[in-house]
Structure formats: C-alpha cells, structure tokens
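One file, input_23.cif, carrying mmCIF, C-alpha atoms:
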```cif
data_my_file
loop_
_atom_site.label_atom_id
_atom_site.label_comp_id
_atom_site.auth_asym_id
_atom_site.auth_seq_id
_atom_site.Cartn_x
_atom_site.Cartn_y
_atom_site.Cartn_z
CA MET E 23 0.00 0.00 0.00
CA SER E 24 2.80 2.40 0.88
CA VAL E 25 4.56 1.70 -2.41
CA SER E 26 1.39 2.50 -4.33
CA THR E 27 0.89 5.68 -2.35
CA ASN E 28 4.47 6.81 -2.92
CA THR E 29 4.17 6.05 -6.63
CA GLN E 30 1.00 8.08 -6.95
CA SER E 31 2.50 10.99 -5.05
CA LYS E 32 5.30 11.19 -7.61
CA LEU E 33 2.93 11.35 -10.56
CA PRO E 34 2.57 14.85 -12.04
CA LEU E 35 -0.70 16.58 -11.36
CA ARG E 36 -2.76 17.32 -14.47
CA ALA E 37 -3.74 20.95 -14.67
CA PRO E 38 -7.48 21.68 -14.93
CA PHE E 39 -8.73 22.27 -18.44
CA TRP E 40 -9.47 25.94 -17.76
CA ALA E 41 -5.88 26.42 -16.57
CA GLN E 42 -4.56 24.77 -19.73
CA ILE E 43 -6.70 27.10 -21.86
CA LEU E 44 -5.57 30.14 -19.86
CA ALA E 45 -1.94 29.12 -20.25
CA GLY E 46 -2.52 28.74 -23.98
CA LEU E 47 -4.06 32.22 -24.16
CA VAL E 48 -1.12 33.83 -22.32
CA LEU E 49 1.49 31.94 -24.33
CA GLY E 50 -0.32 32.75 -27.58
CA VAL E 51 -0.40 36.48 -26.81
CA LEU E 52 3.31 36.47 -25.90
CA LEU E 53 4.37 34.52 -28.99
CA GLY E 54 2.13 36.64 -31.23
CA TRP E 55 3.57 39.85 -29.81
CA LEU E 56 7.10 38.50 -30.19
CA ALA E 57 6.50 37.40 -33.79
CA ARG E 58 5.06 40.78 -34.76
CA SER E 59 7.45 43.04 -32.87
CA GLN E 60 10.56 41.15 -34.00
CA ASP E 61 9.19 40.33 -37.47
CA ILE E 62 9.84 36.60 -37.04
CA SER E 63 8.20 35.17 -40.15
CA TRP E 64 8.75 31.51 -39.30
CA LEU E 65 7.01 31.99 -35.95
CA VAL E 66 4.04 33.66 -37.64
CA THR E 67 3.81 30.75 -40.07
CA THR E 68 4.05 28.22 -37.25
CA LEU E 69 1.30 29.90 -35.24
CA GLU E 70 -0.90 30.08 -38.34
CA LYS E 71 -0.37 26.38 -39.10
CA VAL E 72 -1.00 25.28 -35.52
CA GLY E 73 -4.21 27.28 -35.23
CA GLY E 74 -5.35 26.36 -38.74
CA THR E 75 -4.75 22.66 -38.14
CA PHE E 76 -6.82 22.77 -34.95
CA VAL E 77 -9.75 24.51 -36.66
CA GLY E 78 -9.37 22.18 -39.62
CA LEU E 79 -9.69 19.14 -37.36
CA LEU E 80 -12.84 20.61 -35.85
CA LYS E 81 -14.33 21.33 -39.27
CA LEU E 82 -13.42 17.85 -40.50
CA ALA E 83 -16.08 16.36 -38.24
CA VAL E 84 -18.69 19.10 -38.69
CA ALA E 85 -20.65 17.72 -41.65
CA PRO E 86 -21.14 14.11 -40.44
CA LEU E 87 -21.48 15.24 -36.82
CA VAL E 88 -24.31 17.64 -37.63
CA PHE E 89 -26.12 15.11 -39.82
CA PHE E 90 -26.07 12.24 -37.35
CA ALA E 91 -26.57 14.46 -34.28
CA ILE E 92 -29.73 16.03 -35.73
CA LEU E 93 -31.03 12.68 -37.02
CA VAL E 94 -30.49 10.93 -33.69
CA SER E 95 -31.79 13.89 -31.68
CA ILE E 96 -35.08 13.91 -33.60
CA THR E 97 -35.57 10.16 -33.21
CA ASN E 98 -34.70 10.39 -29.51
CA LEU E 99 -37.80 12.52 -29.00
CA ARG E 100 -39.89 9.36 -29.43
CA LYS E 101 -38.61 8.31 -26.01
CA VAL E 102 -39.86 11.47 -24.31
CA ASN E 103 -43.29 12.36 -22.98
CA ASN E 104 -44.66 15.66 -24.33
CA ALA E 105 -41.95 15.79 -27.03
CA ALA E 106 -43.85 18.36 -29.09
CA ARG E 107 -44.29 20.57 -26.03
CA LEU E 108 -40.57 20.40 -25.19
CA ALA E 109 -39.58 21.17 -28.78
CA SER E 110 -41.95 24.12 -29.04
CA ARG E 111 -40.88 25.54 -25.66
CA THR E 112 -37.24 25.21 -26.69
CA LEU E 113 -37.85 27.12 -29.92
CA LEU E 114 -39.88 29.76 -28.07
CA TRP E 115 -37.09 30.46 -25.61
CA PHE E 116 -34.56 30.55 -28.44
CA MET E 117 -36.62 33.36 -29.96
CA ILE E 118 -37.15 35.21 -26.67
CA THR E 119 -33.44 35.30 -25.80
CA SER E 120 -32.57 36.32 -29.38
CA LEU E 121 -34.95 39.28 -29.11
CA ILE E 122 -33.40 40.33 -25.82
CA ALA E 123 -29.88 40.01 -27.25
CA VAL E 124 -30.62 42.00 -30.42
CA ALA E 125 -32.30 44.73 -28.36
CA ILE E 126 -29.16 45.03 -26.23
CA GLY E 127 -27.01 45.19 -29.36
CA LEU E 128 -29.15 47.95 -30.86
CA VAL E 129 -29.10 50.03 -27.67
CA ILE E 130 -25.32 49.75 -27.37
CA GLY E 131 -24.83 50.66 -31.02
CA LEU E 132 -27.13 53.67 -30.83
CA VAL E 133 -25.50 54.97 -27.64
CA THR E 134 -21.85 54.54 -28.67
CA ASN E 135 -21.92 55.26 -32.46
CA PRO E 136 -19.27 52.60 -33.29
CA GLY E 137 -18.69 53.90 -36.84
CA ALA E 138 -17.88 57.47 -35.77
CA GLY E 139 -14.28 58.65 -35.56
CA THR E 140 -12.73 55.47 -36.97
CA GLY E 141 -11.10 57.13 -39.94
CA LEU E 142 -12.58 54.43 -42.17
CA THR E 143 -14.30 55.33 -45.43
CA PRO E 144 -16.52 53.39 -47.87
CA ALA E 145 -13.41 52.92 -50.05
CA ASP E 146 -11.88 50.76 -47.31
CA GLY E 147 -14.63 48.17 -47.74
CA ALA E 148 -14.99 45.41 -50.29
CA ALA E 149 -17.99 43.34 -51.26
CA PRO E 150 -17.74 39.70 -50.12
CA GLU E 151 -17.55 36.88 -52.68
CA LYS E 152 -20.68 35.30 -51.24
CA THR E 153 -23.64 37.22 -49.90
CA GLY E 154 -26.82 36.21 -48.17
CA SER E 155 -30.34 37.22 -49.09
CA TRP E 156 -33.77 35.91 -48.16
CA ILE E 157 -34.10 34.24 -51.57
CA ASP E 158 -30.71 32.58 -51.14
CA PHE E 159 -31.60 31.62 -47.59
CA LEU E 160 -34.95 30.05 -48.46
CA THR E 161 -33.89 28.36 -51.69
CA GLY E 162 -30.56 27.31 -50.20
CA ILE E 163 -32.19 25.15 -47.56
CA VAL E 164 -33.05 22.39 -50.05
CA PRO E 165 -29.95 20.77 -51.63
CA THR E 166 -29.77 19.82 -55.30
CA ASP E 167 -27.93 16.59 -54.43
CA VAL E 168 -26.85 14.70 -51.32
CA ILE E 169 -23.09 15.06 -51.83
CA THR E 170 -22.47 18.77 -52.35
CA PRO E 171 -23.68 19.91 -48.89
CA PHE E 172 -21.03 17.69 -47.30
CA THR E 173 -18.19 18.64 -49.65
CA GLU E 174 -18.96 22.38 -49.50
CA LEU E 175 -19.91 22.25 -45.80
CA ASN E 176 -23.36 23.79 -46.27
CA VAL E 177 -24.56 23.12 -42.74
CA LEU E 178 -28.08 24.44 -43.32
CA GLN E 179 -28.69 21.91 -46.09
CA ILE E 180 -27.17 19.15 -43.96
CA VAL E 181 -29.59 20.05 -41.17
CA PHE E 182 -32.47 19.89 -43.64
CA MET E 183 -31.50 16.42 -44.87
CA ALA E 184 -30.96 15.15 -41.34
CA ALA E 185 -34.35 16.49 -40.23
CA VAL E 186 -36.08 14.78 -43.17
CA ALA E 187 -34.27 11.53 -42.45
CA GLY E 188 -35.15 11.75 -38.75
CA VAL E 189 -38.85 12.36 -39.38
CA ALA E 190 -38.91 9.54 -41.96
CA ALA E 191 -37.29 7.19 -39.44
CA LEU E 192 -39.96 8.08 -36.88
CA GLN E 193 -42.67 7.28 -39.42
CA LEU E 194 -41.11 3.92 -40.34
CA GLY E 195 -40.91 2.82 -36.73
CA GLU E 196 -39.27 -0.57 -36.14
CA LYS E 197 -38.25 -0.91 -39.79
CA ALA E 198 -35.83 1.99 -39.32
CA GLN E 199 -34.23 0.56 -36.17
CA PRO E 200 -31.13 -0.85 -37.94
CA ILE E 201 -30.44 2.59 -39.44
CA LEU E 202 -30.96 4.27 -36.08
CA THR E 203 -28.62 1.82 -34.36
CA LEU E 204 -25.96 2.48 -37.00
CA SER E 205 -26.49 6.25 -36.73
CA GLU E 206 -26.09 6.18 -32.96
CA SER E 207 -22.87 4.16 -33.30
CA VAL E 208 -21.47 6.54 -35.93
CA LEU E 209 -22.38 9.53 -33.75
CA GLU E 210 -20.56 8.02 -30.76
CA LEU E 211 -17.53 7.33 -32.97
CA LEU E 212 -17.50 10.93 -34.23
CA GLN E 213 -17.86 12.31 -30.71
CA LYS E 214 -15.03 10.09 -29.50
CA ALA E 215 -12.74 11.33 -32.28
CA LEU E 216 -13.78 14.94 -31.72
CA TRP E 217 -13.06 14.52 -28.01
CA TRP E 218 -9.44 13.90 -28.88
CA VAL E 219 -9.43 17.13 -30.88
CA ILE E 220 -10.98 18.99 -27.96
CA ARG E 221 -8.14 17.85 -25.74
CA LEU E 222 -5.80 19.67 -28.14
CA ALA E 223 -7.60 22.97 -27.47
CA PRO E 224 -4.82 24.47 -25.30
CA LEU E 225 -2.34 23.94 -28.14
CA GLY E 226 -4.84 25.24 -30.68
CA THR E 227 -5.35 28.30 -28.48
CA VAL E 228 -1.66 29.17 -28.71
CA GLY E 229 -1.83 29.12 -32.49
CA LEU E 230 -5.17 30.91 -32.90
CA ILE E 231 -4.52 33.73 -30.45
CA GLY E 232 -0.87 34.06 -31.42
CA ASN E 233 -1.68 34.27 -35.13
CA ALA E 234 -4.39 36.88 -34.50
CA ILE E 235 -1.96 39.10 -32.59
CA ALA E 236 0.90 38.53 -35.05
CA THR E 237 -1.26 39.18 -38.11
CA TYR E 238 -3.41 42.10 -36.96
CA GLY E 239 -1.57 43.59 -34.02
CA TRP E 240 -2.95 46.11 -31.58
CA ASP E 241 -3.21 48.91 -34.16
CA LEU E 242 -6.13 47.25 -35.91
CA ILE E 243 -7.91 46.68 -32.62
CA GLY E 244 -7.41 50.38 -31.84
CA LYS E 245 -8.99 51.48 -35.12
CA TYR E 246 -12.02 49.29 -34.39
CA ALA E 247 -11.87 49.94 -30.65
CA THR E 248 -15.44 51.17 -30.16
CA PHE E 249 -16.92 48.44 -32.33
CA THR E 250 -14.88 45.71 -30.63
CA VAL E 251 -15.73 46.97 -27.14
CA ASP E 252 -19.40 47.22 -28.12
CA VAL E 253 -19.53 43.58 -29.20
CA TYR E 254 -17.70 42.39 -26.10
CA VAL E 255 -19.81 44.51 -23.75
CA GLY E 256 -23.03 43.37 -25.43
CA CYS E 257 -22.05 39.71 -25.19
CA LEU E 258 -20.90 40.07 -21.59
CA ILE E 259 -24.18 41.74 -20.63
CA VAL E 260 -26.08 38.81 -22.12
CA LEU E 261 -23.70 36.24 -20.62
CA PHE E 262 -23.49 37.59 -17.09
CA GLY E 263 -26.62 39.74 -16.90
CA VAL E 264 -29.47 38.37 -18.98
CA TYR E 265 -28.68 34.67 -18.62
CA PRO E 266 -28.30 34.73 -14.80
CA ALA E 267 -31.50 36.77 -14.53
CA LEU E 268 -33.41 34.20 -16.60
CA LEU E 269 -31.98 31.32 -14.58
CA ALA E 270 -32.95 32.95 -11.30
CA THR E 271 -36.41 34.24 -12.26
CA VAL E 272 -37.63 31.80 -14.91
CA GLY E 273 -35.75 28.61 -14.07
CA LYS E 274 -35.67 29.24 -10.31
CA VAL E 275 -32.11 27.88 -10.11
CA ASN E 276 -28.78 29.25 -8.89
CA PRO E 277 -26.97 31.00 -11.79
CA VAL E 278 -23.56 30.37 -10.20
CA GLN E 279 -24.09 26.62 -10.51
CA PHE E 280 -24.89 27.00 -14.19
CA PHE E 281 -21.58 28.69 -14.92
CA LYS E 282 -19.71 26.15 -12.82
CA GLY E 283 -21.11 23.36 -14.94
CA ALA E 284 -21.09 25.07 -18.35
CA TRP E 285 -17.73 26.82 -18.08
CA PRO E 286 -15.62 24.14 -19.85
CA ALA E 287 -17.84 24.43 -22.95
CA ILE E 288 -17.90 28.24 -22.82
CA GLN E 289 -14.12 28.52 -22.67
CA LEU E 290 -13.62 25.98 -25.48
CA ALA E 291 -16.09 27.92 -27.62
CA PHE E 292 -14.12 31.11 -26.96
CA VAL E 293 -10.89 29.72 -28.39
CA SER E 294 -12.26 27.37 -31.06
CA ARG E 295 -14.88 29.81 -32.45
CA SER E 296 -17.10 26.89 -33.43
CA SER E 297 -20.45 26.06 -31.83
CA VAL E 298 -20.65 22.79 -33.76
CA GLY E 299 -17.10 21.83 -32.83
CA THR E 300 -17.94 22.46 -29.17
CA MET E 301 -21.26 20.59 -29.40
CA PRO E 302 -20.17 17.27 -27.79
CA LEU E 303 -18.78 19.14 -24.80
CA THR E 304 -21.84 21.40 -24.64
CA GLN E 305 -24.08 18.33 -24.51
CA LYS E 306 -21.95 16.76 -21.81
CA VAL E 307 -22.04 19.81 -19.52
CA THR E 308 -25.78 20.23 -20.15
CA GLU E 309 -26.43 16.68 -19.01
CA ARG E 310 -24.10 17.23 -16.06
CA LEU E 311 -26.30 20.19 -15.09
CA GLY E 312 -29.20 17.76 -14.63
CA VAL E 313 -30.93 18.01 -18.03
CA PRO E 314 -32.35 14.61 -19.09
CA LYS E 315 -30.20 12.92 -21.71
CA GLU E 316 -32.99 12.39 -24.26
CA TYR E 317 -33.98 16.05 -24.18
CA ALA E 318 -30.37 17.33 -24.13
CA SER E 319 -29.54 15.17 -27.16
CA PHE E 320 -32.26 17.06 -29.04
CA ALA E 321 -31.91 20.59 -27.68
CA VAL E 322 -28.12 20.94 -27.86
CA PRO E 323 -27.60 19.85 -31.51
CA PHE E 324 -30.65 21.90 -32.46
CA GLY E 325 -29.21 24.90 -30.64
CA ALA E 326 -25.71 24.44 -32.08
CA THR E 327 -27.11 25.08 -35.56
CA THR E 328 -29.82 27.67 -34.81
CA LYS E 329 -29.20 29.33 -31.42
CA MET E 330 -26.79 32.24 -32.00
CA ASP E 331 -27.28 35.13 -29.58
CA GLY E 332 -23.74 36.37 -30.24
CA CYS E 333 -23.35 35.85 -34.00
CA ALA E 334 -26.95 36.37 -35.08
CA ALA E 335 -28.28 38.97 -32.64
CA ILE E 336 -25.76 41.20 -30.88
CA TYR E 337 -23.16 41.28 -33.66
CA PRO E 338 -25.35 42.05 -36.71
CA ALA E 339 -27.22 44.74 -34.75
CA ILE E 340 -24.03 46.61 -33.87
CA ALA E 341 -22.44 45.85 -37.26
CA ALA E 342 -25.42 47.23 -39.19
CA ILE E 343 -25.24 50.50 -37.25
CA PHE E 344 -21.46 50.60 -37.80
CA VAL E 345 -21.78 50.10 -41.58
CA ALA E 346 -24.62 52.62 -41.86
CA GLN E 347 -22.52 55.27 -40.11
CA ILE E 348 -19.46 54.63 -42.28
CA PHE E 349 -21.55 54.99 -45.44
CA GLY E 350 -23.53 57.95 -44.08
CA ILE E 351 -26.91 56.19 -44.18
CA GLN E 352 -29.56 57.07 -41.62
CA LEU E 353 -31.47 54.13 -40.12
CA ASP E 354 -34.99 54.57 -38.76
CA VAL E 355 -37.26 52.62 -36.40
CA GLY E 356 -38.44 50.38 -39.22
CA ASP E 357 -34.85 49.38 -39.97
CA TYR E 358 -34.25 48.48 -36.33
CA LEU E 359 -37.36 46.31 -36.34
CA LEU E 360 -36.05 44.59 -39.48
CA ILE E 361 -32.76 43.87 -37.71
CA ALA E 362 -34.68 42.25 -34.86
CA PHE E 363 -36.75 40.22 -37.33
CA VAL E 364 -33.67 38.97 -39.18
CA SER E 365 -31.97 38.05 -35.91
CA VAL E 366 -34.87 35.90 -34.75
CA VAL E 367 -35.81 34.25 -38.05
CA GLY E 368 -32.51 34.09 -39.91
CA SER E 369 -30.16 32.87 -37.16
CA ALA E 370 -30.02 29.39 -38.72
CA ALA E 371 -27.99 30.95 -41.54
CA THR E 372 -24.93 31.13 -39.27
CA ALA E 373 -25.06 27.33 -38.81
CA GLY E 374 -22.52 27.07 -36.01
CA LEU E 375 -19.39 27.68 -38.08
CA THR E 376 -16.60 30.14 -37.37
CA GLY E 377 -17.57 33.61 -38.47
CA ALA E 378 -20.94 35.28 -39.00
CA THR E 379 -20.45 36.71 -42.49
CA VAL E 380 -23.56 35.06 -43.93
CA MET E 381 -25.73 36.47 -41.17
CA LEU E 382 -24.21 39.92 -41.60
CA THR E 383 -24.77 39.92 -45.37
CA LEU E 384 -28.34 38.73 -44.81
CA THR E 385 -28.92 41.66 -42.43
CA LEU E 386 -27.29 44.23 -44.72
CA SER E 387 -29.18 43.02 -47.78
CA THR E 388 -32.49 43.18 -45.88
CA LEU E 389 -31.76 46.78 -44.85
CA GLY E 390 -30.46 47.74 -48.28
CA LEU E 391 -27.03 48.65 -46.89
CA PRO E 392 -23.90 48.34 -49.10
CA MET E 393 -22.32 44.89 -49.06
CA GLU E 394 -18.91 46.56 -49.09
CA GLY E 395 -19.51 47.08 -45.39
CA VAL E 396 -18.74 43.41 -44.82
CA GLY E 397 -15.17 43.99 -45.99
CA LEU E 398 -14.72 46.64 -43.33
CA LEU E 399 -15.32 44.07 -40.59
CA LEU E 400 -13.52 40.99 -41.90
CA ALA E 401 -10.17 41.99 -40.44
CA ILE E 402 -11.49 42.32 -36.89
CA ASP E 403 -13.78 39.28 -37.18
CA PRO E 404 -11.45 36.71 -35.51
CA ILE E 405 -11.18 38.91 -32.42
CA VAL E 406 -14.90 39.49 -31.93
CA ASP E 407 -15.84 35.96 -33.02
CA MET E 408 -14.37 34.50 -29.83
CA ILE E 409 -16.79 36.25 -27.48
CA ARG E 410 -19.67 35.79 -29.96
CA THR E 411 -19.21 32.03 -30.00
CA ALA E 412 -18.81 31.82 -26.23
CA THR E 413 -22.15 33.62 -25.91
CA ASN E 414 -23.73 31.29 -28.46
CA VAL E 415 -22.65 28.15 -26.60
CA ALA E 416 -23.69 29.51 -23.20
CA GLY E 417 -27.17 30.11 -24.63
CA GLN E 418 -27.25 26.64 -26.15
CA ALA E 419 -26.73 25.14 -22.67
CA LEU E 420 -28.95 27.69 -20.93
CA ILE E 421 -32.22 27.01 -22.76
CA PRO E 422 -32.35 23.24 -22.02
CA VAL E 423 -31.75 24.03 -18.34
CA ILE E 424 -34.54 26.62 -18.23
CA VAL E 425 -37.03 24.46 -20.14
CA SER E 426 -36.20 21.39 -18.03
CA ALA E 427 -36.60 23.40 -14.83
CA ARG E 428 -39.96 24.84 -15.90
CA GLU E 429 -41.24 21.42 -17.00
CA GLY E 430 -40.15 19.73 -13.77
CA LEU E 431 -37.58 17.53 -15.56
CA LEU E 432 -34.37 19.04 -14.18
CA ASP E 433 -32.41 16.91 -11.73
CA ARG E 434 -31.91 19.64 -9.16
CA THR E 435 -29.65 17.48 -7.01
CA ALA E 436 -27.24 17.12 -9.93
CA TYR E 437 -27.58 20.82 -10.74
CA ASP E 438 -26.90 21.98 -7.18
CA SER E 439 -23.85 19.73 -6.84
CA VAL E 440 -22.28 20.39 -10.25
CA HIS E 441 -18.68 21.53 -10.43
CA SER E 442 -16.35 22.69 -13.18
CA SER E 443 -14.15 19.63 -13.58
CA PRO E 444 -11.49 18.93 -16.20
CA VAL E 445 -12.66 17.57 -19.53
CA ASP E 446 -13.00 13.81 -19.32
CA GLU E 447 -14.47 11.19 -21.58
CA PRO E 448 -18.25 11.51 -21.94
CA PRO E 449 -20.09 8.92 -19.83
CA ALA E 450 -21.31 5.77 -21.53
CA ASP E 451 -25.00 5.57 -22.35
CA ASP E 452 -25.58 2.66 -20.01
CA THR E 453 -24.10 4.18 -16.89
CA PRO E 454 -26.32 4.62 -13.84
CA ALA E 455 -25.67 8.38 -13.90
CA ASP E 456 -27.39 8.64 -17.24
CA GLU E 457 -30.25 6.38 -16.22
CA SER E 458 -31.02 8.56 -13.22
CA ARG E 459 -31.69 11.56 -15.44
CA ARG E 460 -33.68 9.98 -18.23
CA VAL E 461 -37.06 11.39 -19.14
CA PRO E 462 -39.87 8.90 -18.51
CA ALA E 463 -40.43 7.07 -21.78
CA ALA E 464 -43.48 7.92 -23.81
CA ALA E 465 -46.23 5.39 -23.69
#
```

Take the structure in the file and write it out as structure tokens.
Amino acid sequence: MSVSTNTQSKLPLRAPFWAQILAGLVLGVLLGWLARSQDISWLVTTLEKVGGTFVGLLKLAVAPLVFFAILVSITNLRKVNNAARLASRTLLWFMITSLIAVAIGLVIGLVTNPGAGTGLTPADGAAPEKTGSWIDFLTGIVPTDVITPFTELNVLQIVFMAAVAGVAALQLGEKAQPILTLSESVLELLQKALWWVIRLAPLGTVGLIGNAIATYGWDLIGKYATFTVDVYVGCLIVLFGVYPALLATVGKVNPVQFFKGAWPAIQLAFVSRSSVGTMPLTQKVTERLGVPKEYASFAVPFGATTKMDGCAAIYPAIAAIFVAQIFGIQLDVGDYLLIAFVSVVGSAATAGLTGATVMLTLTLSTLGLPMEGVGLLLAIDPIVDMIRTATNVAGQALIPVIVSAREGLLDRTAYDSVHSSPVDEPPADDTPADESRRVPAAA
C-alpha cells in the first residue's frame, strides 16, 4: 500500500482544463507579440499552421457530426413524454433570448456610435464573394444533391437532410431501427474522435490567439476599438446579466451553478470559435447540469445550428449601425425592427461555423445597406468571433436548463452539486448516472 501511495505521489498533477486554456491564451499572446514586434516570419507561419490545423480538425467532423446528431436527436424525442411541447418551448425560448440580445445590441450601437471617428471610409470596404439574401436563404435550404452539402460544408442543407431523415425514421418505426442503431454508433464514434481534438484545445489556443496578434496587431484593434468593445460589452451583458436573470427568475435555479457546470464548454467555444465543434462538450455539460439525456440530445444539436445570440443577434445589430454610419446612411425605427426580425428568423444561416459573415450579409441586404460594409469588418472578425461564439454556446446550454426546470424535468440534485471539472471522456450511455436523469419514456 505504501509503495502504491508513494508512486501516486510522484505522478505529475494534471492541470485543470481551464488552466490549460488560460496558459494557452497567455502563451499565444506572448508569442504573437514576439512574432510581430521582432518580425519573425517563421514563428508567424508556425502559429498560423497550428491554429489552422486545430480549426481544420474541428471542421473535419462538422458535416457528419451535424447530420447524425440532428437525425439521432429527432428520433430520440420518441422516447420522451410531451416531445412536441418540449420542442416548441425550446424554440420559443430561443426566440425570446434572441430578441433580448438584439435589443441590447441595438441600444449599445445607438448609444456609442461605433462607426464614428474610426477614420474608415466606404473605399476601405470590399464586397464579399458570397452574400446572403432571403431568396438565397430560403432556396438554399433544399440541396440539389446529397453530396455537395457535405463537400462544401453547407450546414443548413445538412440540417435539412438530417431532419427529413429523422422524421422519416420516426414514421417507419421498427423498420428503421437498424439505421438508427448504426447512426447512434457513428455519432458516438465521431464524438469520440472529436473529443481527442478537444483535448488539443490548449495547443490550438496558442496558435489561434498568437496568429491573430501577429497578423493584426494592436493597431487594428485600436482602429475598431469602439466596435470591438461594443460587441464584447453586449455579449458580456447577455452572458453575465441576462442569462443569470433568466436562470434565477424563470428557471428558479442558482446561476452560479450554471456557470460552474457550463464553463468548460464556454471557454472551449471562446478559443475554437465553433459552436458545432464544441457541441459534444456542450451536450456533456448540459447533461451534467441535470438536463435529461434524451432532451439534451435534441436541444443541444438543435441549438448548435440555430441558437446564435452572439453571432446572429448582438453582432449584426451593432455591425449594421457601424456600416450605416461609415456609409452615411440614416437608419430609422423600421430598420431596427427589421434587424430584430432577421436576428430571430434568420439565425439558422450562421449554422454554427466560425464567423458570422452570412448572417451579416443577410442583415445588410435586408436593410439595403452596401455589401462593401462586410469587408470593413472581416479583419477584426477573428477577435470578436471569440466572445460571440462563447455567448452562443452559453445560450445553447442555458435554454435546455430553463425548459427542463420549468417542465419539472431538471435533476436539481445534480444541478446543485455540479462543479467545473477537467474535460473527461463523456459517460457511456448505459451508466447509472445517465439512467437517473432519463425522461420517462413515452407510452
């Protein structure tokens, strides 16, 4: 016994995941500053390759992960009582929080005038290669073939195909069971592989943050200072103001416990800038917060592709005001209402990928603002995308908690005892912990 104890005492302690991420952030900033100040080209290239490889690994799993996650999540609803009620309440709260977020973005933009005093002119902008419009959005939902959405990573079309397949499987019943069993196995395989990528997040953080500092430097951030601060302040108000208020008043739960449980997913979203890439971890922390597995397996994938308070609400609201001011265009009350409408209805256009260019072009085209405004914001996008995605993922975990609490499904013992632990393997489906939080099966 003493030998075993001595051996264990000599083993190195593994730092918590949050500490690894923080160390990656600090090291990335230092290396990025060093590469830029000393003009070390090989270091810039190394940071770019490290960060790009990490994001590439995340994107590699996006298409199949989204397809099988949505398919399985829809079929899992057959195991839940009042499935239609849960789905409708989830969508309702998605819309409510989006409205709150876009209102906050509009207020901040109107108060601070982010486009004033930047020194930028319309000539500094450039129209994007791809733009979004309502016609493109509506017609782009239905794919022309089953291969192109996966090769071109059109997540919205993948979601459409997965939803159709899921509904068809529900209609077929037992005949579809072999396909469902295969889909669940493939989903577990993808999540296992993606878990290995997630463990590389501290290293990816060094590359992503370092490359952003080395490429853009502090001068760019200074030119866009008001806009950048506006986006961060808006997201932080939603994260640490609106969300805790909803948890306390609507869900009747302790907001501090929510952030304890959800923090690993929020911090990974901040550095990875991908809601879909963070989805397995988001689902894990949501279940750890006491949300029943069957409901979480529907709400989280659904939210990862449609619930975007940062990218689709706060950001386009402030960005639209910014672009309008640069181009000298006056917006009126009707325009602000259109921004709110686009944020609530068109958020699926962002589809959980890094960046919110599609959503921004959709907003600008709806308002009739010049598309060249998108080019003004592309340079600063990696910086603001971190806090946008963190806000997105926090909301994707928040809504299942609120809905579960209101419907009497939340395991409050698990919620009250949750802690922010290091990232471990997701629990197996047949563990007692999962069984204790299952929704009673539908009759």

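What the PyMOL selection byres ((chain E and resi 74-87) around 8) picks from this file is E:Glu70, E:Lys71, E:Val72, E:Gly73, E:Val88, E:Phe89, E:Phe90, E:Ala91, E:Phe172, E:Leu175, E:Val177, E:Ile180, E:Leu209, E:Leu212, E:Gln213, E:Leu216, E:Val219, E:Leu222, E:Ala223, E:Gly226, E:Gly229, E:Leu230, E:Ser294, E:Ser296, E:Val298, E:Gly299.
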
Open item on the list: Once the PyMOL selection byres ((chain E and resi 421) around 12) is applied to the coordinates I shared, what remains selected? I want it as an MDAnalysis selection string.
Closed with: chainID E and resid 108:120 265:266 268:269 272:273 280 304 308 311 313 317:318 320:322 324:326 329:331 414:420 422:428 432

- [ ] List the residues matched by the PyMOL selection byres ((chain E and resi 407) around 9) in the displayed structure as a VMD selection string, ordered by chain and then by residue number.
- [x] chain E and resid 292 295 332 to 333 376 to 378 402 to 406 408 to 412

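Close contacts of region 42-53 of chain E, defined as residues with an atom at most 8 Å away when counting all atoms listed in the file, with chain neighbours fewer than 2 positions off set aside, comprise Ala37, Pro38, Phe39, Trp40, Trp55, Leu56, Ala57, Leu65, Ala223, Pro224, Leu225, Gly226, Thr227, Val228, Gly229, Leu230, Ile231, Gly232, Asn233, Ile235, Gln289 and Leu290 of chain E.
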
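Separating CA of Ser365 (chain E) from CA of Thr328 (chain E) is a distance of 10.7 Å.
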
Take every atom of region 120-135 of chain E listed in the file, pad by 5 Å on each side, and give me the axis-aligned box centre and edge lengths in Å, one decimal, as JSON.
```
{"center_x": -28.4, "center_y": 45.8, "center_z": -29.1, "size_x": 23.1, "size_y": 28.9, "size_z": 16.6}
```

TODO: Determine, counting all atoms listed in the file, which protein, DNA and RNA residues have an atom within 9 Å of an atom of Gly137 (chain E); residues of the same chain fewer than 2 positions away are not included. Present the result as a list in words.
DONE: Thr134, Asn135, Gly139, Thr140, Gly141, Leu142, Tyr246, Thr248, Phe249, Ala341, Ile343, Phe344, Val345, Ala346, Gln347 and Ile348 of chain E

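Coordinates place CA of Ile340 (chain E) at a distance of 7.7 Å from CA of Pro136 (chain E).
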
- [ ] Please indicate the distance in Å from CA of Lys197 (chain E) to CA of Leu99 (chain E), rounded to one decimal place.
- [x] 17.2 Å
